[in-house]
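Visitor: File protein10.pdb follows (PDB, C-alpha atoms):
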```
MODEL        1
ATOM      1  CA  MET Z  19      59.026 126.952 113.965
ATOM      2  CA  SER Z  20      58.775 126.545 110.190
ATOM      3  CA  GLU Z  21      57.620 123.244 108.694
ATOM      4  CA  ASP Z  22      61.049 122.629 107.142
ATOM      5  CA  LEU Z  23      62.794 122.842 110.503
ATOM      6  CA  ARG Z  24      60.598 120.356 112.333
ATOM      7  CA  ILE Z  25      62.372 117.091 113.050
ATOM      8  CA  SER Z  26      60.626 114.037 114.447
ATOM      9  CA  PRO Z  27      62.139 112.238 117.465
ATOM     10  CA  ASN Z  28      63.015 109.282 115.223
ATOM     11  CA  GLN Z  29      64.957 111.542 112.870
ATOM     12  CA  ILE Z  30      66.853 113.031 115.800
ATOM     13  CA  ILE Z  31      67.874 109.522 116.856
ATOM     14  CA  GLU Z  32      68.871 108.626 113.300
ATOM     15  CA  ARG Z  33      70.925 111.777 112.815
ATOM     16  CA  TYR Z  34      72.543 111.323 116.184
ATOM     17  CA  LEU Z  35      73.481 107.743 115.317
ATOM     18  CA  SER Z  36      74.988 108.857 112.002
ATOM     19  CA  MET Z  37      77.492 111.005 113.863
ATOM     20  CA  GLU Z  38      78.103 108.286 116.427
ATOM     21  CA  LEU Z  39      79.057 105.864 113.656
ATOM     22  CA  VAL Z  40      81.687 108.351 112.529
ATOM     23  CA  ARG Z  41      83.230 108.103 115.980
ATOM     24  CA  VAL Z  42      83.207 104.303 115.758
ATOM     25  CA  THR Z  43      85.143 104.133 112.491
ATOM     26  CA  GLU Z  44      87.446 107.003 113.512
ATOM     27  CA  ARG Z  45      88.517 105.102 116.623
ATOM     28  CA  ALA Z  46      89.102 101.900 114.650
ATOM     29  CA  ALA Z  47      91.055 103.722 111.943
ATOM     30  CA  VAL Z  48      93.327 105.548 114.383
ATOM     31  CA  SER Z  49      94.041 102.360 116.337
ATOM     32  CA  ALA Z  50      94.979 100.486 113.152
ATOM     33  CA  ALA Z  51      96.977 103.415 111.778
ATOM     34  CA  ARG Z  52      99.317 103.313 114.778
ATOM     35  CA  LEU Z  53     100.543  99.990 113.322
ATOM     36  CA  ARG Z  54     100.599 101.190 109.720
ATOM     37  CA  GLY Z  55     103.663  99.935 107.856
ATOM     38  CA  HIS Z  56     104.776  97.622 110.691
ATOM     39  CA  GLY Z  57     104.174  94.459 108.684
ATOM     40  CA  ASN Z  58     101.916  92.869 111.317
ATOM     41  CA  GLU Z  59      98.479  92.289 109.798
ATOM     42  CA  LYS Z  60      97.018  90.473 112.798
ATOM     43  CA  ALA Z  61      98.069  93.120 115.297
ATOM     44  CA  ALA Z  62      96.650  95.954 113.176
ATOM     45  CA  ASP Z  63      93.389  94.074 112.622
ATOM     46  CA  GLN Z  64      93.058  93.266 116.314
ATOM     47  CA  ALA Z  65      93.676  96.888 117.272
ATOM     48  CA  ALA Z  66      90.885  97.998 114.938
ATOM     49  CA  VAL Z  67      88.531  95.283 116.215
ATOM     50  CA  ASP Z  68      89.123  96.186 119.859
ATOM     51  CA  ALA Z  69      88.508  99.882 119.226
ATOM     52  CA  MET Z  70      85.397  99.276 117.126
ATOM     53  CA  ARG Z  71      83.895  96.862 119.656
ATOM     54  CA  ARG Z  72      84.474  99.295 122.506
ATOM     55  CA  GLU Z  73      82.791 102.174 120.666
ATOM     56  CA  LEU Z  74      79.876 100.048 119.422
ATOM     57  CA  ASN Z  75      79.158  98.952 122.973
ATOM     58  CA  ARG Z  76      78.790 102.591 124.005
ATOM     59  CA  LEU Z  77      76.025 103.278 121.474
ATOM     60  CA  PRO Z  78      72.380 103.514 122.604
ATOM     61  CA  ILE Z  79      71.324 100.589 120.391
ATOM     62  CA  ASP Z  80      70.204  96.991 120.662
ATOM     63  CA  GLY Z  81      72.600  95.813 117.993
ATOM     64  CA  GLU Z  82      73.610  92.516 116.437
ATOM     65  CA  ILE Z  83      76.545  91.820 114.113
ATOM     66  CA  VAL Z  84      75.196  90.035 111.012
ATOM     67  CA  ILE Z  85      78.268  90.513 108.831
ATOM     68  CA  GLY Z  86      81.507  90.327 110.755
ATOM     69  CA  GLU Z  87      85.041  89.065 111.008
ATOM     70  CA  GLY Z  88      84.009  85.442 111.490
ATOM     71  CA  GLU Z  89      81.749  83.022 113.298
ATOM     72  CA  ARG Z  90      81.189  82.845 117.040
ATOM     73  CA  ASP Z  91      84.079  80.417 117.620
ATOM     74  CA  GLU Z  92      86.512  82.899 116.092
ATOM     75  CA  ALA Z  93      86.173  85.503 118.856
ATOM     76  CA  PRO Z  94      87.779  87.880 119.886
ATOM     77  CA  MET Z  95      86.919  89.188 116.425
ATOM     78  CA  LEU Z  96      83.568  90.914 115.983
ATOM     79  CA  PHE Z  97      81.744  87.704 115.169
ATOM     80  CA  ILE Z  98      78.461  87.027 113.413
ATOM     81  CA  GLY Z  99      75.721  86.964 116.050
ATOM     82  CA  GLU Z 100      77.593  89.111 118.575
ATOM     83  CA  LYS Z 101      75.403  91.559 120.508
ATOM     84  CA  VAL Z 102      76.634  95.137 120.764
ATOM     85  CA  GLY Z 103      75.405  98.412 122.206
ATOM     86  CA  THR Z 104      73.836  99.320 125.529
ATOM     87  CA  ARG Z 105      70.724  97.293 124.585
ATOM     88  CA  GLN Z 106      68.736 100.453 125.347
ATOM     89  CA  GLY Z 107      67.652 101.708 121.943
ATOM     90  CA  PRO Z 108      66.474 100.670 118.488
ATOM     91  CA  LYS Z 109      67.067  97.125 117.254
ATOM     92  CA  VAL Z 110      69.624  97.316 114.464
ATOM     93  CA  HIS Z 111      71.734  94.945 112.396
ATOM     94  CA  ILE Z 112      75.353  95.803 111.718
ATOM     95  CA  ALA Z 113      77.952  94.843 109.121
ATOM     96  CA  VAL Z 114      81.571  95.554 110.014
ATOM     97  CA  ASP Z 115      85.047  95.375 108.604
ATOM     98  CA  PRO Z 116      87.160  97.065 111.281
ATOM     99  CA  LEU Z 117      90.208  97.023 108.999
ATOM    100  CA  GLU Z 118      89.431  96.475 105.343
ATOM    101  CA  GLY Z 119      92.758  95.889 103.647
ATOM    102  CA  THR Z 120      94.839  94.464 106.487
ATOM    103  CA  THR Z 121      97.747  93.827 104.133
ATOM    104  CA  LEU Z 122      97.468  97.370 102.799
ATOM    105  CA  CYS Z 123      97.738  98.735 106.326
ATOM    106  CA  ALA Z 124     100.624  96.433 107.249
ATOM    107  CA  LYS Z 125     102.536  97.579 104.162
ATOM    108  CA  ASP Z 126     101.296 101.204 104.312
ATOM    109  CA  MET Z 127      99.730 100.910 100.869
ATOM    110  CA  PRO Z 128      96.710 102.909  99.600
ATOM    111  CA  ASP Z 129      93.021 102.318 100.360
ATOM    112  CA  SER Z 130      92.953 100.619 103.756
ATOM    113  CA  ILE Z 131      89.810 101.751 105.592
ATOM    114  CA  ALA Z 132      87.706 101.095 108.704
ATOM    115  CA  VAL Z 133      84.124 100.590 107.565
ATOM    116  CA  MET Z 134      80.707  99.605 108.908
ATOM    117  CA  ALA Z 135      77.033  99.692 107.962
ATOM    118  CA  MET Z 136      73.970  99.881 110.180
ATOM    119  CA  ALA Z 137      70.351  99.203 109.245
ATOM    120  CA  GLU Z 138      67.107  98.324 110.968
ATOM    121  CA  ALA Z 139      66.885  94.673 111.966
ATOM    122  CA  GLY Z 140      66.443  92.277 109.048
ATOM    123  CA  LYS Z 141      67.627  94.681 106.341
ATOM    124  CA  LEU Z 142      71.205  93.420 105.855
ATOM    125  CA  LEU Z 143      71.978  90.051 104.290
ATOM    126  CA  ASN Z 144      72.858  87.600 107.054
ATOM    127  CA  ALA Z 145      75.476  85.405 105.400
ATOM    128  CA  PRO Z 146      78.464  83.314 106.489
ATOM    129  CA  ASP Z 147      82.002  84.595 106.109
ATOM    130  CA  VAL Z 148      82.623  83.110 102.651
ATOM    131  CA  TYR Z 149      83.554  84.367  99.193
ATOM    132  CA  MET Z 150      81.102  86.151  96.901
ATOM    133  CA  ASP Z 151      81.107  86.628  93.132
ATOM    134  CA  LYS Z 152      80.282  90.290  92.395
ATOM    135  CA  ILE Z 153      79.567  92.771  89.663
ATOM    136  CA  ALA Z 154      78.977  96.480  90.244
ATOM    137  CA  ILE Z 155      78.564  99.748  88.354
ATOM    138  CA  GLY Z 156      77.829 103.286  89.441
ATOM    139  CA  PRO Z 157      74.700 105.432  89.037
ATOM    140  CA  GLY Z 158      73.150 106.741  85.841
ATOM    141  CA  TYR Z 159      72.393 103.514  83.949
ATOM    142  CA  ALA Z 160      69.172 101.676  83.148
ATOM    143  CA  ARG Z 161      68.504  98.785  85.472
ATOM    144  CA  GLY Z 162      69.899  95.480  84.232
ATOM    145  CA  VAL Z 163      72.528  96.898  81.894
ATOM    146  CA  VAL Z 164      75.008  94.425  83.402
ATOM    147  CA  ASP Z 165      74.314  91.019  84.899
ATOM    148  CA  LEU Z 166      76.324  88.583  87.007
ATOM    149  CA  ASP Z 167      75.237  85.684  84.795
ATOM    150  CA  ALA Z 168      76.448  87.339  81.581
ATOM    151  CA  SER Z 169      80.042  86.983  80.406
ATOM    152  CA  ALA Z 170      82.572  89.694  81.199
ATOM    153  CA  THR Z 171      82.739  90.449  77.473
ATOM    154  CA  ASP Z 172      78.975  90.924  77.168
ATOM    155  CA  ASN Z 173      78.880  93.121  80.270
ATOM    156  CA  ILE Z 174      81.684  95.349  79.009
ATOM    157  CA  TYR Z 175      80.072  95.783  75.600
ATOM    158  CA  ALA Z 176      76.665  96.469  77.186
ATOM    159  CA  LEU Z 177      78.114  99.046  79.560
ATOM    160  CA  ALA Z 178      80.089 100.725  76.777
ATOM    161  CA  LYS Z 179      76.922 100.992  74.684
ATOM    162  CA  ALA Z 180      74.972 102.436  77.604
ATOM    163  CA  LYS Z 181      77.739 104.954  78.280
ATOM    164  CA  GLY Z 182      78.082 105.847  74.613
ATOM    165  CA  VAL Z 183      81.753 104.913  74.343
ATOM    166  CA  LYS Z 184      83.917 102.176  72.865
ATOM    167  CA  PRO Z 185      84.759  99.116  75.032
ATOM    168  CA  SER Z 186      88.369 100.334  75.075
ATOM    169  CA  GLU Z 187      87.163 103.406  76.993
ATOM    170  CA  ILE Z 188      85.683 101.312  79.816
ATOM    171  CA  SER Z 189      87.855 100.787  82.898
ATOM    172  CA  THR Z 190      87.384  97.709  85.082
ATOM    173  CA  LEU Z 191      88.647  97.026  88.578
ATOM    174  CA  ILE Z 192      89.592  93.439  89.492
ATOM    175  CA  MET Z 193      91.415  91.984  92.476
ATOM    176  CA  ASP Z 194      94.819  90.616  91.497
ATOM    177  CA  ARG Z 195      94.353  86.981  92.427
ATOM    178  CA  PRO Z 196      95.220  83.689  90.659
ATOM    179  CA  ARG Z 197      91.514  82.826  90.611
ATOM    180  CA  HIS Z 198      90.946  85.775  88.273
ATOM    181  CA  ALA Z 199      93.522  84.796  85.632
ATOM    182  CA  LYS Z 200      90.920  83.735  83.049
ATOM    183  CA  LEU Z 201      88.688  86.714  83.849
ATOM    184  CA  ILE Z 202      91.578  89.145  83.366
ATOM    185  CA  GLU Z 203      92.512  87.482  80.079
ATOM    186  CA  GLU Z 204      88.913  87.776  78.812
ATOM    187  CA  VAL Z 205      88.602  91.416  79.829
ATOM    188  CA  ARG Z 206      91.867  92.356  78.141
ATOM    189  CA  LYS Z 207      90.634  90.847  74.873
ATOM    190  CA  THR Z 208      87.812  93.422  74.782
ATOM    191  CA  GLY Z 209      90.352  96.244  74.810
ATOM    192  CA  CYS Z 210      89.031  97.374  78.187
ATOM    193  CA  SER Z 211      91.614  98.666  80.656
ATOM    194  CA  ILE Z 212      92.033  96.963  84.024
ATOM    195  CA  ARG Z 213      93.101  98.370  87.355
ATOM    196  CA  LEU Z 214      94.358  95.535  89.540
ATOM    197  CA  ILE Z 215      94.200  95.823  93.320
ATOM    198  CA  THR Z 216      95.812  93.541  95.884
ATOM    199  CA  ASP Z 217      93.204  94.058  98.624
ATOM    200  CA  GLY Z 218      90.371  96.353  99.626
ATOM    201  CA  ASP Z 219      87.390  95.430  97.515
ATOM    202  CA  VAL Z 220      84.922  97.526  99.543
ATOM    203  CA  ALA Z 221      86.779 100.601  98.361
ATOM    204  CA  GLY Z 222      87.053  98.964  94.943
ATOM    205  CA  VAL Z 223      83.286  98.729  94.529
ATOM    206  CA  ILE Z 224      82.745 102.206  95.949
ATOM    207  CA  TYR Z 225      85.130 103.542  93.295
ATOM    208  CA  CYS Z 226      82.319 102.855  90.800
ATOM    209  CA  THR Z 227      80.203 105.561  92.429
ATOM    210  CA  GLU Z 228      82.397 108.342  91.000
ATOM    211  CA  PRO Z 229      83.893 107.102  87.698
ATOM    212  CA  ASP Z 230      84.726 110.634  86.584
ATOM    213  CA  LYS Z 231      87.001 111.008  89.620
ATOM    214  CA  THR Z 232      88.264 107.453  90.090
ATOM    215  CA  GLY Z 233      88.341 106.295  86.470
ATOM    216  CA  ILE Z 234      86.526 103.051  87.380
ATOM    217  CA  ASP Z 235      83.349 102.060  85.521
ATOM    218  CA  LEU Z 236      82.947  98.401  86.428
ATOM    219  CA  TYR Z 237      83.880  96.045  89.254
ATOM    220  CA  LEU Z 238      84.198  92.328  88.489
ATOM    221  CA  GLY Z 239      85.324  89.246  90.367
ATOM    222  CA  ILE Z 240      85.338  87.268  93.581
ATOM    223  CA  GLY Z 241      85.955  88.777  97.004
ATOM    224  CA  GLY Z 242      84.665  88.445 100.537
ATOM    225  CA  ALA Z 243      80.927  88.261 101.199
ATOM    226  CA  PRO Z 244      81.178  90.656 104.185
ATOM    227  CA  GLU Z 245      82.863  93.208 101.939
ATOM    228  CA  GLY Z 246      80.152  92.602  99.347
ATOM    229  CA  VAL Z 247      77.352  93.490 101.743
ATOM    230  CA  LEU Z 248      79.175  96.606 102.956
ATOM    231  CA  ALA Z 249      79.850  97.725  99.397
ATOM    232  CA  ALA Z 250      76.243  97.069  98.338
ATOM    233  CA  ALA Z 251      74.997  99.195 101.219
ATOM    234  CA  ALA Z 252      77.226 102.113 100.190
ATOM    235  CA  LEU Z 253      76.498 101.771  96.474
ATOM    236  CA  ARG Z 254      72.753 101.716  97.084
ATOM    237  CA  CYS Z 255      72.964 105.125  98.749
ATOM    238  CA  VAL Z 256      74.076 106.756  95.488
ATOM    239  CA  GLY Z 257      71.963 104.746  93.053
ATOM    240  CA  GLY Z 258      74.474 102.306  91.597
ATOM    241  CA  GLN Z 259      73.872  98.656  90.733
ATOM    242  CA  MET Z 260      75.372  95.497  92.159
ATOM    243  CA  GLN Z 261      74.729  91.763  92.151
ATOM    244  CA  GLY Z 262      76.377  89.035  94.186
ATOM    245  CA  ARG Z 263      76.324  85.267  94.624
ATOM    246  CA  LEU Z 264      77.717  83.456  97.637
ATOM    247  CA  ILE Z 265      80.287  80.799  96.809
ATOM    248  CA  LEU Z 266      79.098  77.845  98.867
ATOM    249  CA  ASP Z 267      81.310  75.197  97.305
ATOM    250  CA  THR Z 268      81.532  72.750 100.210
ATOM    251  CA  GLU Z 269      78.946  70.883 102.242
ATOM    252  CA  GLU Z 270      80.177  72.612 105.388
ATOM    253  CA  LYS Z 271      79.640  76.073 103.884
ATOM    254  CA  ARG Z 272      76.172  75.149 102.603
ATOM    255  CA  ALA Z 273      75.224  73.787 106.017
ATOM    256  CA  ARG Z 274      76.459  76.973 107.701
ATOM    257  CA  ALA Z 275      74.489  79.104 105.265
ATOM    258  CA  LEU Z 276      71.370  77.038 105.898
ATOM    259  CA  THR Z 277      71.542  77.839 109.611
ATOM    260  CA  MET Z 278      71.366  81.509 108.597
ATOM    261  CA  GLY Z 279      68.237  80.977 106.501
ATOM    262  CA  ILE Z 280      69.915  80.640 103.081
ATOM    263  CA  THR Z 281      68.110  77.763 101.390
ATOM    264  CA  ASP Z 282      69.218  78.400  97.799
ATOM    265  CA  PRO Z 283      73.040  78.206  97.585
ATOM    266  CA  ASN Z 284      72.985  79.457  93.975
ATOM    267  CA  ARG Z 285      70.827  82.509  94.549
ATOM    268  CA  LYS Z 286      71.835  85.723  92.804
ATOM    269  CA  TYR Z 287      71.337  88.646  95.188
ATOM    270  CA  SER Z 288      70.509  92.121  94.024
ATOM    271  CA  MET Z 289      71.967  95.150  95.745
ATOM    272  CA  GLU Z 290      68.614  95.765  97.447
ATOM    273  CA  GLU Z 291      68.519  92.194  98.750
ATOM    274  CA  MET Z 292      71.928  92.630 100.320
ATOM    275  CA  ALA Z 293      71.075  95.961 101.940
ATOM    276  CA  SER Z 294      67.588  97.464 102.178
ATOM    277  CA  GLY Z 295      65.624  99.941 104.270
ATOM    278  CA  ASP Z 296      67.261 102.940 105.906
ATOM    279  CA  THR Z 297      70.958 102.122 105.873
ATOM    280  CA  ILE Z 298      73.907 104.190 107.070
ATOM    281  CA  VAL Z 299      77.431 103.374 105.889
ATOM    282  CA  CYS Z 300      80.507 104.956 107.400
ATOM    283  CA  ALA Z 301      84.169 104.595 106.373
ATOM    284  CA  THR Z 302      87.317 106.276 107.719
ATOM    285  CA  GLY Z 303      90.640 106.199 105.912
ATOM    286  CA  VAL Z 304      93.519 104.334 107.548
ATOM    287  CA  THR Z 305      96.058 104.792 104.749
ATOM    288  CA  ASN Z 306      95.904 107.417 102.019
ATOM    289  CA  GLY Z 307      93.840 106.340  99.021
ATOM    290  CA  GLY Z 308      91.770 107.423  96.086
ATOM    291  CA  MET Z 309      88.627 107.649  98.187
ATOM    292  CA  LEU Z 310      89.858 108.875 101.580
ATOM    293  CA  LYS Z 311      92.958 110.355 103.157
ATOM    294  CA  GLY Z 312      94.565 108.236 105.847
ATOM    295  CA  VAL Z 313      95.043 109.101 109.503
ATOM    296  CA  ARG Z 314      97.664 111.786 110.050
ATOM    297  CA  PHE Z 315      99.446 111.934 113.399
ATOM    298  CA  GLY Z 316     100.587 115.422 114.341
ATOM    299  CA  LYS Z 317     102.272 116.611 117.493
ATOM    300  CA  GLU Z 318      99.089 118.175 118.840
ATOM    301  CA  VAL Z 319      96.384 116.953 116.444
ATOM    302  CA  ILE Z 320      95.297 113.648 114.932
ATOM    303  CA  GLU Z 321      93.536 114.192 111.597
ATOM    304  CA  THR Z 322      90.970 111.834 110.063
ATOM    305  CA  GLU Z 323      88.754 111.805 106.990
ATOM    306  CA  THR Z 324      85.441 109.946 106.936
ATOM    307  CA  ILE Z 325      82.703 109.432 104.375
ATOM    308  CA  VAL Z 326      79.098 108.754 105.431
ATOM    309  CA  TYR Z 327      76.379 107.396 103.136
ATOM    310  CA  ARG Z 328      72.657 107.513 103.994
ATOM    311  CA  SER Z 329      70.319 105.506 101.768
ATOM    312  CA  ILE Z 330      67.008 107.103 102.722
ATOM    313  CA  THR Z 331      68.167 110.560 101.628
ATOM    314  CA  GLY Z 332      70.892 109.645  99.129
ATOM    315  CA  THR Z 333      73.195 111.910 101.102
ATOM    316  CA  VAL Z 334      76.978 111.532 101.022
ATOM    317  CA  ARG Z 335      78.941 113.511 103.595
ATOM    318  CA  ARG Z 336      82.688 113.892 104.000
ATOM    319  CA  ILE Z 337      83.852 114.686 107.503
ATOM    320  CA  TYR Z 338      87.325 115.991 108.252
ATOM    321  CA  GLY Z 339      88.229 115.606 111.891
ATOM    322  CA  GLU Z 340      90.893 117.221 114.043
ATOM    323  CA  HIS Z 341      91.274 115.399 117.346
ATOM    324  CA  ARG Z 342      93.110 117.058 120.205
ATOM    325  CA  GLN Z 343      92.102 114.777 123.071
ATOM    326  CA  PHE Z 344      94.378 111.802 122.378
ATOM    327  CA  GLU Z 345      93.101 109.984 125.485
ATOM    328  CA  LYS Z 346      89.857 109.022 123.717
ATOM    329  CA  PHE Z 347      91.822 106.757 121.381
ATOM    330  CA  LYS Z 348      93.302 104.733 124.242
ATOM    331  CA  LEU Z 349      91.666 101.392 125.028
ATOM    332  CA  ASP Z 350      90.344 101.072 128.550
TER     333      ASP Z 350
ENDMDL
END
```
Can the structure in the file be given as structure tokens, please?
Guide:
Amino acid sequence: MSEDLRISPNQIIERYLSMELVRVTERAAVSAARLRGHGNEKAADQAAVDAMRRELNRLPIDGEIVIGEGERDEAPMLFIGEKVGTRQGPKVHIAVDPLEGTTLCAKDMPDSIAVMAMAEAGKLLNAPDVYMDKIAIGPGYARGVVDLDASATDNIYALAKAKGVKPSEISTLIMDRPRHAKLIEEVRKTGCSIRLITDGDVAGVIYCTEPDKTGIDLYLGIGGAPEGVLAAAALRCVGGQMQGRLILDTEEKRARALTMGITDPNRKYSMEEMASGDTIVCATGVTNGGMLKGVRFGKEVIETETIVYRSITGTVRRIYGEHRQFEKFKLD
């Protein structure tokens, strides 16, 4: 056997798990997609959660959810601290969003996905389910070209200079929320274009990885902390940049964060602090979007599209699936 073809046992396990994660997000996506356009966010989310939990518990891992749908008292969601897997395998920490963009799925709008990240224990930020202020750009820029503590105006001008274009040629993605009214007003004054999204900020951040295809250079604004960790894990795989700060604006939130080891409520986290080590991120489309095609139900085949990111190799794989055994998508 040639040197190039030799694979260590650990690598076999890692590669095997990469494919198993595809199955996890495929099952969640298909389950949610059955309720696509039905207007019932909770039912679609629950269907994705149930499918993802079932598949996670079949994996040969000793897993723990560190970024999930809520705290322990909010079960039956995949809660922070929940143990998953057969408990016979490597210790891993997992971040999940079984249905990112619940409203998008309920209304059959673009960019709803099922997404998760897996890393060795201790390598994903263990944070409460709160909001996070975020900034992100794609690969190809010097470190520190944008900063969460700088104004939106300064960041846009700095990015435009680094890209060699005018600020009016920079495109920013921001969630369309009342809390962003002043931010949107400031960004518009620079001449920068804005793409507003109603939901789905994991996909929104990931859009920065391919600005030539998506037309998005910069992500700004406040979204969920779980989505922030998932997005940071994916962005890190392709060499982008991201910073985030948890919004712990009540005593109850600060106390909850403290129980998770967060002693500085104002800390600015780098992308590497949110997701480090060997991390695998997997996302399957639920509805059609700019990043992934949604689940397609045929008479004899269910079609899915999944993207897999691996940080240790910088590999991005797209997997198109045709599923003919419909029974595997039924909950036990």
Visitor: Could you write out as an MDAnalysis selection string the residues that the PyMOL selection byres ((chain Z and resi 274-291) around 7) matches in the shown file?
Guide: chainID Z and resid 143:146 250 254 259:263 266 270:273 292:294
Visitor: For Met37 in chain Z, which residue among Z:Asp129, Z:Gly303, Z:Leu77, Z:Thr208 is the nearest when counting only C-alpha atoms?
Guide: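 Ranked by minimum distance to Met37 in chain Z, first place goes to Z:Leu77.
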Visitor: What does the distance from CA of Gly218 in chain Z to CA of Gly119 in chain Z come to in Å, to one decimal?
Guide: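 Computed distance, CA of Gly218 in chain Z to CA of Gly119 in chain Z, equals 4.7 Å.
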Visitor: Between Z:Ala178, Z:Val223, Z:Ala249, Z:Val84, which has the minimum distance to Lys141 in chain Z (counting all atoms listed in the file)?
Guide: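 Closest to Lys141 in chain Z of all the choices is Z:Val84.
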Visitor: Carefully work through the PyMOL selection byres ((chain Z and resi 323) around 8) for this structure and note down the residues it includes, as a count of residues only.
Guide: 14
Visitor: CA of His56 in chain Z to CA of Thr305 in chain Z: how many Å, to one decimal?
Guide: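 Straight-line distance from CA of His56 in chain Z to CA of Thr305 in chain Z works out to 12.8 Å.
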Visitor: Provide the CA of Val40 in chain Z to CA of Lys152 in chain Z distance in Å, to one decimal place.
Guide: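 So the answer is 27.1 Å.
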Visitor: I'd like the contact shell of Gln106 in chain Z - 12 Å cut-off, only C-alpha atoms, skipping same-chain residues fewer than 5 positions apart - returned as a list in words.
Guide: Asn75, Arg76, Leu77, Pro78, Ile79, Asp80 and Gly81 of chain Z
Visitor: Determine, counting only C-alpha atoms, which protein, DNA and RNA residues have an atom within 10 Å of an atom of Leu236 in chain Z; residues of the same chain fewer than 2 positions away are not included. Present the result as an MDAnalysis selection string.
Guide: chainID Z and resid 153:156 164 173:174 177 188:192 212 222:223 225:227 229 233:234 238 260
Visitor: Name the closest residue to Met134 in chain Z among the candidates Z:Met193, Z:Ala51, Z:Ile85, Z:Ala199; distances are taken between atoms, counting only C-alpha atoms.
Guide: Z:Ile85
Visitor: Just say which residues the PyMOL selection byres ((chain Z and resi 194) around 10) picks in this file, as a list in words.
Guide: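 Residues picked by the PyMOL selection byres ((chain Z and resi 194) around 10): Leu191, Ile192, Met193, Arg195, Pro196, Arg197, His198, Ala199, Ile202, Arg213, Leu214, Ile215, Thr216, Asp217 and Gly239 of chain Z.
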Visitor: Near Ala170 in chain Z, counting all atoms listed in the file, which residues have an atom at most 9 Å away, once you skip same-chain residues fewer than 5 positions from it, shown as a list in words?
Guide: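 Once the nearby chain positions are removed, what remains is Tyr175, Leu201, Glu204, Val205 and Leu238 of chain Z.
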Visitor: Limited to C-alpha atoms, could you put the picked residues into a file as a CSV table (one decimal), in the frame of the given file?
Guide:
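File written: part-v2.csv
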```csv
chain,number,residue,atom,x,y,z
Z,175,TYR,CA,80.1,95.8,75.6
Z,201,LEU,CA,88.7,86.7,83.8
Z,204,GLU,CA,88.9,87.8,78.8
Z,205,VAL,CA,88.6,91.4,79.8
Z,238,LEU,CA,84.2,92.3,88.5
```
Visitor: Measuring between all atoms listed in the file, which one of Z:Lys231, Z:Lys181, Z:Arg161, Z:Lys109 shows the shortest distance to Met309 in chain Z?
Guide: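 Once distances to Met309 in chain Z are computed over all atoms listed in the file, the minimum belongs to Z:Lys231.
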Visitor: Check the smallest atom-to-atom distance from each of Z:Ser186, Z:Ser329, Z:Gln64, Z:Thr104 to Glu87 in chain Z using all atoms listed in the file, then report the winner.
Guide: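 Distance minimum relative to Glu87 in chain Z lands on Z:Gln64.
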Visitor: Please determine, counting only C-alpha atoms, which residue among Z:Glu100, Z:Asp126, Z:Glu44, Z:Glu38 has the shortest atom-to-atom distance to Asn306 in chain Z.
Guide: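 The answer is Z:Asp126, which sits nearest to Asn306 in chain Z.
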Visitor: May I have the residues at most 9 Å from (84.7, 99.9, 118.7) in the file's coordinates, counting all atoms listed in the file, as JSON, numbers by chain?
Guide: {"Z": [41, 42, 43, 45, 46, 66, 67, 68, 69, 70, 71, 72, 73, 74, 75, 76, 116]}
Visitor: Please provide as a PyMOL selection string all residues within 8 Å of range 135-139 of chain Z, with the sequence filter that same-chain residues fewer than 6 positions apart are discarded (counting all atoms listed in the file).
Guide: chain Z and resi 108-114+248+251+294-300
